[in-house]
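Undergrad: Provided below: input.pdb, containing PDB, C-alpha atoms and all ligand atoms.
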```pdb
ATOM      1  CA  MET A 114      80.506 -32.415  20.558
ATOM      2  CA  LEU A 115      78.612 -31.176  17.553
ATOM      3  CA  GLN A 116      80.335 -30.979  14.184
ATOM      4  CA  LEU A 117      79.418 -29.028  11.047
ATOM      5  CA  VAL A 118      80.329 -31.126   8.020
ATOM      6  CA  PRO A 119      80.104 -29.556   4.558
ATOM      7  CA  ALA A 120      77.837 -31.435   2.152
ATOM      8  CA  SER A 121      79.744 -33.702  -0.215
ATOM      9  CA  LEU A 122      78.811 -36.566  -2.526
ATOM     10  CA  ASP A 123      79.419 -38.913   0.419
ATOM     11  CA  PRO A 124      76.285 -38.646   2.614
ATOM     12  CA  PRO A 125      76.434 -39.232   6.372
ATOM     13  CA  PRO A 126      74.332 -42.202   7.611
ATOM     14  CA  GLY A 127      70.632 -41.394   7.873
ATOM     15  CA  LEU A 128      70.763 -38.339   5.636
ATOM     16  CA  GLU A 129      67.809 -39.371   3.452
ATOM     17  CA  ALA A 130      65.499 -39.801   6.446
ATOM     18  CA  PHE A 131      66.704 -36.456   7.794
ATOM     19  CA  LEU A 132      66.002 -34.693   4.480
ATOM     20  CA  ARG A 133      62.524 -36.205   4.303
ATOM     21  CA  GLU A 134      61.910 -34.769   7.762
ATOM     22  CA  VAL A 135      63.108 -31.309   6.675
ATOM     23  CA  GLY A 136      60.755 -31.509   3.707
ATOM     24  CA  HIS A 137      59.653 -28.103   2.448
ATOM     25  CA  GLY A 138      60.992 -26.392   5.579
ATOM     26  CA  GLU A 139      59.496 -24.515   8.465
ATOM     27  CA  SER A 140      59.308 -21.013  10.013
ATOM     28  CA  GLY A 141      61.403 -19.270   7.387
ATOM     29  CA  PHE A 142      63.805 -22.139   6.660
ATOM     30  CA  GLY A 143      63.075 -22.987   3.049
ATOM     31  CA  GLY A 144      63.538 -26.764   3.085
ATOM     32  CA  THR A 145      65.484 -28.608   0.426
ATOM     33  CA  GLU A 146      65.127 -29.433  -3.276
ATOM     34  CA  TYR A 147      65.140 -33.093  -2.231
ATOM     35  CA  ALA A 148      61.606 -32.571  -0.889
ATOM     36  CA  SER A 149      60.320 -32.282  -4.475
ATOM     37  CA  GLY A 150      60.769 -36.050  -4.766
ATOM     38  CA  LYS A 151      62.198 -35.501  -8.250
ATOM     39  CA  LEU A 152      65.872 -35.724  -7.318
ATOM     40  CA  SER A 153      67.965 -38.691  -6.330
ATOM     41  CA  LEU A 154      70.135 -38.193  -3.250
ATOM     42  CA  HIS A 155      73.180 -38.112  -5.506
ATOM     43  CA  ASP A 156      71.682 -35.370  -7.707
ATOM     44  CA  TYR A 157      70.621 -33.383  -4.671
ATOM     45  CA  LEU A 158      74.121 -33.610  -3.191
ATOM     46  CA  THR A 159      75.638 -32.640  -6.544
ATOM     47  CA  ILE A 160      73.584 -29.428  -6.451
ATOM     48  CA  GLN A 161      74.907 -28.664  -2.939
ATOM     49  CA  VAL A 162      78.513 -29.237  -4.007
ATOM     50  CA  ASN A 163      78.000 -27.033  -7.072
ATOM     51  CA  TYR A 164      76.452 -24.205  -5.049
ATOM     52  CA  SER A 165      79.370 -24.260  -2.662
ATOM     53  CA  ALA A 166      81.707 -23.810  -5.632
ATOM     54  CA  GLY A 167      79.416 -21.195  -7.250
ATOM     55  CA  ARG A 168      78.603 -23.483 -10.236
ATOM     56  CA  ASN A 169      75.307 -24.053 -12.108
ATOM     57  CA  MET A 170      73.244 -21.884  -9.792
ATOM     58  CA  ALA A 171      69.692 -20.719 -10.426
ATOM     59  CA  ALA A 172      69.334 -17.130 -11.671
ATOM     60  CA  GLY A 173      69.677 -14.623  -8.840
ATOM     61  CA  HIS A 174      71.210 -17.135  -6.429
ATOM     62  CA  VAL A 175      74.553 -16.660  -4.675
ATOM     63  CA  PRO A 176      77.126 -19.325  -3.763
ATOM     64  CA  ALA A 177      76.185 -21.135  -0.568
ATOM     65  CA  THR A 178      77.614 -24.014   1.440
ATOM     66  CA  THR A 179      75.307 -26.526   3.113
ATOM     67  CA  PHE A 180      76.527 -28.168   6.321
ATOM     68  CA  TRP A 181      75.160 -31.203   8.168
ATOM     69  CA  ALA A 182      75.209 -30.911  11.965
ATOM     70  CA  ILE A 183      76.336 -34.254  13.327
ATOM     71  CA  ASP A 184      76.194 -35.178  17.002
ATOM     72  CA  ASP A 185      78.521 -37.365  19.093
ATOM     73  CA  GLY A 186      76.668 -40.503  18.071
ATOM     74  CA  GLY A 187      77.071 -39.728  14.350
ATOM     75  CA  GLU A 188      73.409 -38.743  13.913
ATOM     76  CA  VAL A 189      72.428 -35.869  11.624
ATOM     77  CA  VAL A 190      70.549 -33.549  13.973
ATOM     78  CA  GLY A 191      70.377 -30.458  11.801
ATOM     79  CA  MET A 192      71.485 -28.560   8.739
ATOM     80  CA  LEU A 193      72.755 -25.069   8.097
ATOM     81  CA  ARG A 194      73.262 -22.979   4.978
ATOM     82  CA  LEU A 195      75.941 -20.336   4.731
ATOM     83  CA  ARG A 196      75.568 -17.932   1.807
ATOM     84  CA  HIS A 197      78.930 -16.529   0.785
ATOM     85  CA  HIS A 198      77.576 -13.047   0.159
ATOM     86  CA  LEU A 199      74.296 -11.160   0.125
ATOM     87  CA  ASN A 200      72.197  -9.908  -2.768
ATOM     88  CA  ASP A 201      69.275  -7.472  -2.504
ATOM     89  CA  ALA A 202      66.761 -10.231  -1.818
ATOM     90  CA  LEU A 203      68.882 -11.811   0.957
ATOM     91  CA  LEU A 204      69.534  -8.388   2.454
ATOM     92  CA  ARG A 205      65.776  -7.948   2.855
ATOM     93  CA  SER A 206      65.105 -11.497   4.010
ATOM     94  CA  GLY A 207      67.171 -14.640   4.475
ATOM     95  CA  GLY A 208      70.539 -13.166   5.334
ATOM     96  CA  HIS A 209      73.778 -15.143   5.304
ATOM     97  CA  ILE A 210      72.765 -18.133   7.435
ATOM     98  CA  GLY A 211      69.717 -20.361   7.782
ATOM     99  CA  TYR A 212      69.427 -23.409  10.035
ATOM    100  CA  TYR A 213      67.118 -26.247  10.947
ATOM    101  CA  VAL A 214      67.173 -28.771  13.796
ATOM    102  CA  ARG A 215      65.067 -31.933  13.552
ATOM    103  CA  PRO A 216      62.086 -31.715  15.918
ATOM    104  CA  ALA A 217      63.185 -34.623  18.144
ATOM    105  CA  ALA A 218      66.585 -32.973  18.724
ATOM    106  CA  ARG A 219      65.338 -29.477  19.589
ATOM    107  CA  GLY A 220      65.890 -27.797  22.950
ATOM    108  CA  ASN A 221      69.396 -29.217  23.442
ATOM    109  CA  GLY A 222      71.342 -26.123  22.399
ATOM    110  CA  PHE A 223      72.204 -27.581  18.978
ATOM    111  CA  ALA A 224      71.107 -24.555  16.917
ATOM    112  CA  THR A 225      73.011 -22.211  19.238
ATOM    113  CA  GLU A 226      76.160 -24.295  18.776
ATOM    114  CA  MET A 227      75.575 -24.648  15.008
ATOM    115  CA  LEU A 228      75.414 -20.882  14.587
ATOM    116  CA  ARG A 229      78.526 -20.430  16.757
ATOM    117  CA  LEU A 230      80.442 -22.876  14.560
ATOM    118  CA  ALA A 231      79.056 -21.290  11.389
ATOM    119  CA  LEU A 232      80.354 -17.871  12.437
ATOM    120  CA  GLY A 233      83.855 -19.395  12.351
ATOM    121  CA  GLU A 234      83.137 -20.721   8.852
ATOM    122  CA  ALA A 235      81.826 -17.313   7.785
ATOM    123  CA  ARG A 236      84.961 -15.611   9.090
ATOM    124  CA  ALA A 237      87.097 -18.116   7.164
ATOM    125  CA  THR A 238      85.092 -17.274   4.018
ATOM    126  CA  GLY A 239      86.041 -13.611   4.476
ATOM    127  CA  ILE A 240      82.637 -12.368   5.642
ATOM    128  CA  LYS A 241      83.033  -9.376   7.965
ATOM    129  CA  ARG A 242      79.453  -8.960   9.164
ATOM    130  CA  VAL A 243      76.805 -11.666   9.198
ATOM    131  CA  LEU A 244      73.131 -10.909   8.602
ATOM    132  CA  LEU A 245      70.506 -13.164  10.184
ATOM    133  CA  THR A 246      66.774 -12.805   9.798
ATOM    134  CA  ALA A 247      63.908 -14.406  11.727
ATOM    135  CA  TYR A 248      60.206 -13.936  12.212
ATOM    136  CA  THR A 249      59.722 -12.091  15.501
ATOM    137  CA  SER A 250      57.319 -14.922  16.438
ATOM    138  CA  ASN A 251      60.142 -17.491  16.102
ATOM    139  CA  ASP A 252      61.266 -17.241  19.736
ATOM    140  CA  ALA A 253      63.775 -20.086  19.487
ATOM    141  CA  SER A 254      65.531 -18.666  16.425
ATOM    142  CA  VAL A 255      65.607 -15.161  17.895
ATOM    143  CA  ARG A 256      67.249 -16.598  21.057
ATOM    144  CA  VAL A 257      69.814 -18.460  18.949
ATOM    145  CA  ILE A 258      70.739 -15.220  17.154
ATOM    146  CA  VAL A 259      70.849 -13.036  20.278
ATOM    147  CA  LYS A 260      72.926 -15.604  22.230
ATOM    148  CA  ASN A 261      75.455 -15.464  19.380
ATOM    149  CA  GLY A 262      75.762 -11.694  19.607
ATOM    150  CA  GLY A 263      73.110 -10.586  17.116
ATOM    151  CA  VAL A 264      72.329  -6.865  17.213
ATOM    152  CA  LEU A 265      68.869  -5.872  16.013
ATOM    153  CA  GLU A 266      68.859  -3.694  12.884
ATOM    154  CA  ASP A 267      65.110  -3.438  12.306
ATOM    155  CA  VAL A 268      61.779  -5.232  12.188
ATOM    156  CA  VAL A 269      60.089  -5.087   8.804
ATOM    157  CA  PRO A 270      57.208  -6.959   7.183
ATOM    158  CA  HIS A 271      58.492 -10.098   5.477
ATOM    159  CA  PRO A 272      58.576  -9.347   1.723
ATOM    160  CA  GLU A 273      56.494 -12.448   0.899
ATOM    161  CA  THR A 274      54.301 -13.137   3.926
ATOM    162  CA  GLY A 275      54.015  -9.613   5.386
ATOM    163  CA  GLU A 276      54.638 -10.996   8.905
ATOM    164  CA  PRO A 277      56.956  -9.055  11.272
ATOM    165  CA  HIS A 278      60.449 -10.153  10.572
ATOM    166  CA  ALA A 279      63.637  -9.012  12.313
ATOM    167  CA  ARG A 280      67.078  -8.445  10.843
ATOM    168  CA  TYR A 281      70.164  -8.868  13.060
ATOM    169  CA  TRP A 282      73.865  -8.283  12.382
ATOM    170  CA  ILE A 283      76.796 -10.082  13.996
ATOM    171  CA  ASP A 284      80.104  -8.284  13.604
ATOM    172  CA  LEU A 285      82.995 -10.699  12.973
ATOM    173  CA  SER A 286      85.805  -8.161  12.906
TER     174      SER A 286
HETATM  175  C1  LIG B   1      64.869 -22.506  15.546
HETATM  176  C2  LIG B   1      65.509 -23.874  15.776
HETATM  177  C3  LIG B   1      66.642 -24.071  14.767
HETATM  178  C4  LIG B   1      66.058 -23.910  17.219
HETATM  179  O1  LIG B   1      66.750 -25.140  17.395
HETATM  180  P1  LIG B   1      67.167 -25.704  18.830
HETATM  181  O2  LIG B   1      68.296 -26.640  18.618
HETATM  182  O3  LIG B   1      65.962 -26.222  19.525
HETATM  183  O4  LIG B   1      67.665 -24.370  19.549
HETATM  184  P2  LIG B   1      68.465 -24.331  20.933
HETATM  185  O5  LIG B   1      68.260 -25.618  21.665
HETATM  186  O6  LIG B   1      69.860 -23.889  20.623
HETATM  187  O7  LIG B   1      67.648 -23.245  21.725
HETATM  188  C5  LIG B   1      67.856 -21.872  21.530
HETATM  189  C6  LIG B   1      67.069 -21.059  22.539
HETATM  190  O8  LIG B   1      65.693 -21.047  22.163
HETATM  191  C7  LIG B   1      64.893 -21.433  23.260
HETATM  192  N1  LIG B   1      63.779 -22.170  22.712
HETATM  193  C8  LIG B   1      63.811 -23.371  22.105
HETATM  194  N2  LIG B   1      62.577 -23.703  21.686
HETATM  195  C9  LIG B   1      61.776 -22.677  22.069
HETATM  196  C10 LIG B   1      60.398 -22.418  21.940
HETATM  197  N3  LIG B   1      59.591 -23.273  21.307
HETATM  198  N4  LIG B   1      59.922 -21.241  22.427
HETATM  199  C11 LIG B   1      60.746 -20.376  23.056
HETATM  200  N5  LIG B   1      62.059 -20.560  23.189
HETATM  201  C12 LIG B   1      62.550 -21.705  22.716
HETATM  202  C13 LIG B   1      65.791 -22.306  24.103
HETATM  203  O9  LIG B   1      65.331 -22.341  25.452
HETATM  204  C14 LIG B   1      67.112 -21.615  23.958
HETATM  205  O10 LIG B   1      67.187 -20.462  24.754
HETATM  206  P3  LIG B   1      67.928 -20.481  26.194
HETATM  207  O11 LIG B   1      69.327 -20.956  25.944
HETATM  208  O12 LIG B   1      67.840 -19.068  26.645
HETATM  209  O13 LIG B   1      67.162 -21.439  27.045
HETATM  210  C15 LIG B   1      64.478 -25.032  15.615
HETATM  211  O14 LIG B   1      63.354 -24.767  16.418
HETATM  212  C16 LIG B   1      64.030 -25.230  14.182
HETATM  213  O15 LIG B   1      64.662 -25.975  13.418
HETATM  214  N6  LIG B   1      62.917 -24.560  13.767
HETATM  215  C17 LIG B   1      62.443 -24.666  12.384
HETATM  216  C18 LIG B   1      63.371 -23.943  11.405
HETATM  217  C19 LIG B   1      63.660 -22.508  11.822
HETATM  218  O16 LIG B   1      62.849 -21.834  12.431
HETATM  219  N7  LIG B   1      64.856 -22.034  11.452
HETATM  220  C20 LIG B   1      65.263 -20.679  11.755
HETATM  221  C21 LIG B   1      64.850 -19.748  10.675
HETATM  222  S1  LIG B   1      66.103 -19.704   9.416
END
```
Could you write out this structure as structure tokens?
Ligand SMILES: CC(C)(COP(=O)(O)OP(=O)(O)OC[C@H]1O[C@@H](n2cnc3c(N)ncnc32)[C@H](O)[C@@H]1OP(=O)(O)O)[C@@H](O)C(=O)NCCC(=O)NCCS

TA:
Amino acid sequence: MLQLVPASLDPPPGLEAFLREVGHGESGFGGTEYASGKLSLHDYLTIQVNYSAGRNMAAGHVPATTFWAIDDGGEVVGMLRLRHHLNDALLRSGGHIGYYVRPAARGNGFATEMLRLALGEARATGIKRVLLTAYTSNDASVRVIVKNGGVLEDVVPHPETGEPHARYWIDLS
């Protein structure tokens, strides 16, 4: 069974190797600040804990909780970010939730399960309607969203890359 564990100052085994793999991200998932190489693991985790509490955030950022997806064997197979609310930028692109599964673990249904679990977390946070965005070319991510009940709002050029980019809502009420 997969578990979503909120980031804390106590890292799960193998987290550093996982974060190095995530690097600067992929296909619309923005990577992590740890990829800069300028932060210790402790400092990186401190930033995650602060964001979850809405402390010391960069200008224009909203509170967000980072979760590690941990499989039965205790391995970190993915990560997910849940933003507690939207701002104008996230409404255009990014939405409430972003996720990443390490390449070797893909194709096992992990992202589908991660999003399902995250919808429970979103509901507990008081979010009524979850926005998800994905490049239309990102077949796997689009499937993950649709399998979790995503309803297409529109397809618009991505504000930064100009590539077709879809916005989906999932109603939690
Ligand atoms: C998108 C991503 C999270 C999917 O992770 P995953 O754990 O492999 O996803 P799942 O195993 O839950 O698969 C979801 C669906 O996508 C399909 N799928 C997986 N890889 C695919 C591919 N390369 N092309 C087409 N469909 C694919 C699966 O078959 C499954 O659909 P099905 O149940 O109808 O068969 C992963 O590819 C990833 O981390 N990509 C980089 C980051 C990213 O794109 N994040 C999303 C943007 S925020």

Undergrad: Starting from the displayed file, determine the output of the PyMOL selection byres (((not hetatm)) within 9 of (chain B and resi 1)) and express the residue list as a VMD selection string.

TA: chain A and resid 135 138 to 144 190 to 193 207 to 208 210 to 228 245 to 248 251 to 258 260

Undergrad: Would you write out, as a ChimeraX atom specification, every residue that the PyMOL selection byres (((chain A and resi 266) around 12) and not hetatm) captures in this file?

TA: /A:204-205,243-247,263-265,267-269,278-283

Undergrad: I'd like the interatomic distance between atom CA of A:Glu276 and atom CA of A:Leu203, to a tenth of an Å.

TA: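 We find that atom CA of A:Glu276 and atom CA of A:Leu203 lie 16.3 Å from each other.
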
Undergrad: For the atom pair atom CA of A:Gln161 and atom CA of A:Thr179, what is the interatomic distance in Å to one decimal place?

TA: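 Straight-line distance from atom CA of A:Gln161 to atom CA of A:Thr179 works out to 6.4 Å.
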
Undergrad: For A:Asn163, which residue out of A:Ser121, A:Glu188, A:Ala202, A:His197 is the nearest one, using all atoms listed in the file?

TA: A:Ser121

Undergrad: Which residue, A:Ile240, A:Val162, A:Leu132, A:Ala182, has the smallest gap to A:Met114 when you use all atoms listed in the file?

TA: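 Counting all atoms listed in the file, the residue closest to A:Met114 is A:Ala182.
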
Undergrad: Enter the distance from atom CA of A:Asn169 to atom CA of A:Ser149, in Å, rounded to one decimal.

TA: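 Calculated distance between atom CA of A:Asn169 and atom CA of A:Ser149 is 18.7 Å.
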
Undergrad: Just checking: using all atoms listed in the file, which residue out of A:Asp185, A:Glu129, A:Ser206, A:Gly233 ends up closest to A:Gly275?

TA: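 With all atoms listed in the file as the atom set, the closest residue is A:Ser206.
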
Undergrad: Do you know which residues the PyMOL selection byres (((chain A and resi 122) around 8) and not hetatm) returns on this file, as a PyMOL selection string?

TA: chain A and resi 120-121+123-124+155+158-159+162

Undergrad: Mind giving me the axis-aligned box for stretch 199-210 of chain A with 8 Å on every side, centre plus edges in Å to one decimal, as lines of an AutoDock Vina configuration file?

TA:
```
center_x = 69.7
center_y = -12.8
center_z = 2.3
size_x = 25.2
size_y = 26.7
size_z = 26.2
```

Undergrad: Please return as a list in words every residue within 12 Å of (82.9, -16.1, 9.3), taking into account all atoms listed in the file and the file's own coordinates.

TA: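 Within the cut-off we find Leu195, Arg196, His197, His198, His209, Ile210, Leu228, Arg229, Leu230, Ala231, Leu232, Gly233, Glu234, Ala235, Arg236, Ala237, Thr238, Gly239, Ile240, Lys241, Arg242, Val243, Leu244, Ile283, Asp284, Leu285 and Ser286 of chain A.
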
Undergrad: Smallest atom-to-atom distance to A:Phe180: which of A:Ser165, A:Asn261, A:Thr249, A:Thr274, using all atoms listed in the file?

TA: A:Ser165

Undergrad: Given the block above, output stretch 127-139 of chain A with all heavy atoms as a PDB file, in the first residue's frame.

TA:
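Heads up, here's the output in result_4.pdb:
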```
ATOM      1  N   GLY A 127      16.741   7.176   1.946  1.00  0.00           N
ATOM      2  CA  GLY A 127      16.896   7.301   0.487  1.00  0.00           C
ATOM      3  C   GLY A 127      16.384   8.608  -0.090  1.00  0.00           C
ATOM      4  O   GLY A 127      16.365   8.779  -1.312  1.00  0.00           O
ATOM      5  N   LEU A 128      15.990   9.547   0.779  1.00  0.00           N
ATOM      6  CA  LEU A 128      15.386  10.766   0.232  1.00  0.00           C
ATOM      7  C   LEU A 128      16.372  11.570  -0.620  1.00  0.00           C
ATOM      8  O   LEU A 128      15.996  12.107  -1.666  1.00  0.00           O
ATOM      9  CB  LEU A 128      14.815  11.650   1.359  1.00  0.00           C
ATOM     10  CG  LEU A 128      14.051  12.872   0.822  1.00  0.00           C
ATOM     11  CD1 LEU A 128      12.775  12.445   0.108  1.00  0.00           C
ATOM     12  CD2 LEU A 128      13.714  13.861   1.925  1.00  0.00           C
ATOM     13  N   GLU A 129      17.639  11.652  -0.163  1.00  0.00           N
ATOM     14  CA  GLU A 129      18.597  12.470  -0.928  1.00  0.00           C
ATOM     15  C   GLU A 129      18.770  11.946  -2.356  1.00  0.00           C
ATOM     16  O   GLU A 129      18.775  12.727  -3.308  1.00  0.00           O
ATOM     17  CB  GLU A 129      19.951  12.495  -0.216  1.00  0.00           C
ATOM     18  CG  GLU A 129      20.029  13.646   0.761  1.00  0.00           C
ATOM     19  CD  GLU A 129      21.362  13.696   1.461  1.00  0.00           C
ATOM     20  OE1 GLU A 129      21.617  12.814   2.289  1.00  0.00           O
ATOM     21  OE2 GLU A 129      22.134  14.618   1.157  1.00  0.00           O
ATOM     22  N   ALA A 130      18.892  10.640  -2.492  1.00  0.00           N
ATOM     23  CA  ALA A 130      19.055  10.055  -3.834  1.00  0.00           C
ATOM     24  C   ALA A 130      17.800  10.341  -4.660  1.00  0.00           C
ATOM     25  O   ALA A 130      17.885  10.675  -5.849  1.00  0.00           O
ATOM     26  CB  ALA A 130      19.293   8.560  -3.727  1.00  0.00           C
ATOM     27  N   PHE A 131      16.644  10.232  -4.019  1.00  0.00           N
ATOM     28  CA  PHE A 131      15.389  10.515  -4.730  1.00  0.00           C
ATOM     29  C   PHE A 131      15.368  11.966  -5.218  1.00  0.00           C
ATOM     30  O   PHE A 131      15.044  12.239  -6.383  1.00  0.00           O
ATOM     31  CB  PHE A 131      14.187  10.240  -3.809  1.00  0.00           C
ATOM     32  CG  PHE A 131      12.893  10.722  -4.397  1.00  0.00           C
ATOM     33  CD1 PHE A 131      12.251   9.992  -5.388  1.00  0.00           C
ATOM     34  CD2 PHE A 131      12.330  11.924  -3.994  1.00  0.00           C
ATOM     35  CE1 PHE A 131      11.066  10.452  -5.962  1.00  0.00           C
ATOM     36  CE2 PHE A 131      11.151  12.390  -4.559  1.00  0.00           C
ATOM     37  CZ  PHE A 131      10.523  11.650  -5.537  1.00  0.00           C
ATOM     38  N   LEU A 132      15.751  12.895  -4.355  1.00  0.00           N
ATOM     39  CA  LEU A 132      15.705  14.320  -4.724  1.00  0.00           C
ATOM     40  C   LEU A 132      16.690  14.640  -5.847  1.00  0.00           C
ATOM     41  O   LEU A 132      16.421  15.470  -6.716  1.00  0.00           O
ATOM     42  CB  LEU A 132      15.990  15.197  -3.505  1.00  0.00           C
ATOM     43  CG  LEU A 132      14.894  15.193  -2.436  1.00  0.00           C
ATOM     44  CD1 LEU A 132      15.373  15.925  -1.185  1.00  0.00           C
ATOM     45  CD2 LEU A 132      13.609  15.839  -2.966  1.00  0.00           C
ATOM     46  N   ARG A 133      17.838  13.948  -5.825  1.00  0.00           N
ATOM     47  CA  ARG A 133      18.806  14.161  -6.909  1.00  0.00           C
ATOM     48  C   ARG A 133      18.198  13.681  -8.228  1.00  0.00           C
ATOM     49  O   ARG A 133      18.407  14.287  -9.274  1.00  0.00           O
ATOM     50  CB  ARG A 133      20.118  13.423  -6.620  1.00  0.00           C
ATOM     51  CG  ARG A 133      21.026  14.218  -5.676  1.00  0.00           C
ATOM     52  CD  ARG A 133      22.444  13.676  -5.689  1.00  0.00           C
ATOM     53  NE  ARG A 133      22.539  12.344  -5.127  1.00  0.00           N
ATOM     54  CZ  ARG A 133      22.704  12.090  -3.824  1.00  0.00           C
ATOM     55  NH1 ARG A 133      22.834  13.078  -2.963  1.00  0.00           N
ATOM     56  NH2 ARG A 133      22.765  10.845  -3.394  1.00  0.00           N
ATOM     57  N   GLU A 134      17.411  12.622  -8.152  1.00  0.00           N
ATOM     58  CA  GLU A 134      16.766  12.100  -9.357  1.00  0.00           C
ATOM     59  C   GLU A 134      15.706  13.086  -9.867  1.00  0.00           C
ATOM     60  O   GLU A 134      15.566  13.303 -11.061  1.00  0.00           O
ATOM     61  CB  GLU A 134      16.124  10.751  -9.014  1.00  0.00           C
ATOM     62  CG  GLU A 134      16.046   9.811 -10.171  1.00  0.00           C
ATOM     63  CD  GLU A 134      15.652   8.413  -9.705  1.00  0.00           C
ATOM     64  OE1 GLU A 134      16.191   7.915  -8.698  1.00  0.00           O
ATOM     65  OE2 GLU A 134      14.779   7.831 -10.354  1.00  0.00           O
ATOM     66  N   VAL A 135      14.963  13.685  -8.956  1.00  0.00           N
ATOM     67  CA  VAL A 135      13.935  14.665  -9.350  1.00  0.00           C
ATOM     68  C   VAL A 135      14.600  15.863 -10.018  1.00  0.00           C
ATOM     69  O   VAL A 135      14.126  16.383 -11.030  1.00  0.00           O
ATOM     70  CB  VAL A 135      13.119  15.144  -8.128  1.00  0.00           C
ATOM     71  CG1 VAL A 135      12.091  16.186  -8.545  1.00  0.00           C
ATOM     72  CG2 VAL A 135      12.447  13.986  -7.409  1.00  0.00           C
ATOM     73  N   GLY A 136      15.721  16.284  -9.454  1.00  0.00           N
ATOM     74  CA  GLY A 136      16.492  17.378 -10.043  1.00  0.00           C
ATOM     75  C   GLY A 136      15.655  18.618 -10.286  1.00  0.00           C
ATOM     76  O   GLY A 136      14.901  19.070  -9.415  1.00  0.00           O
ATOM     77  N   HIS A 137      15.763  19.154 -11.492  1.00  0.00           N
ATOM     78  CA  HIS A 137      15.026  20.380 -11.844  1.00  0.00           C
ATOM     79  C   HIS A 137      13.649  20.056 -12.414  1.00  0.00           C
ATOM     80  O   HIS A 137      12.991  20.938 -12.975  1.00  0.00           O
ATOM     81  CB  HIS A 137      15.838  21.216 -12.831  1.00  0.00           C
ATOM     82  CG  HIS A 137      17.112  21.747 -12.231  1.00  0.00           C
ATOM     83  ND1 HIS A 137      17.133  22.792 -11.330  1.00  0.00           N
ATOM     84  CD2 HIS A 137      18.390  21.344 -12.363  1.00  0.00           C
ATOM     85  CE1 HIS A 137      18.382  23.020 -10.950  1.00  0.00           C
ATOM     86  NE2 HIS A 137      19.172  22.164 -11.558  1.00  0.00           N
ATOM     87  N   GLY A 138      13.205  18.804 -12.291  1.00  0.00           N
ATOM     88  CA  GLY A 138      11.834  18.466 -12.665  1.00  0.00           C
ATOM     89  C   GLY A 138      11.711  18.015 -14.106  1.00  0.00           C
ATOM     90  O   GLY A 138      12.698  17.825 -14.813  1.00  0.00           O
ATOM     91  N   GLU A 139      10.455  17.863 -14.497  1.00  0.00           N
ATOM     92  CA  GLU A 139      10.163  17.241 -15.795  1.00  0.00           C
ATOM     93  C   GLU A 139       8.707  17.501 -16.161  1.00  0.00           C
ATOM     94  O   GLU A 139       7.836  17.452 -15.281  1.00  0.00           O
ATOM     95  CB  GLU A 139      10.409  15.722 -15.616  1.00  0.00           C
ATOM     96  CG  GLU A 139      10.304  14.909 -16.865  1.00  0.00           C
ATOM     97  CD  GLU A 139      10.429  13.416 -16.538  1.00  0.00           C
ATOM     98  OE1 GLU A 139      11.076  13.041 -15.532  1.00  0.00           O
ATOM     99  OE2 GLU A 139       9.856  12.627 -17.299  1.00  0.00           O
TER     100      GLU A 139
END
```
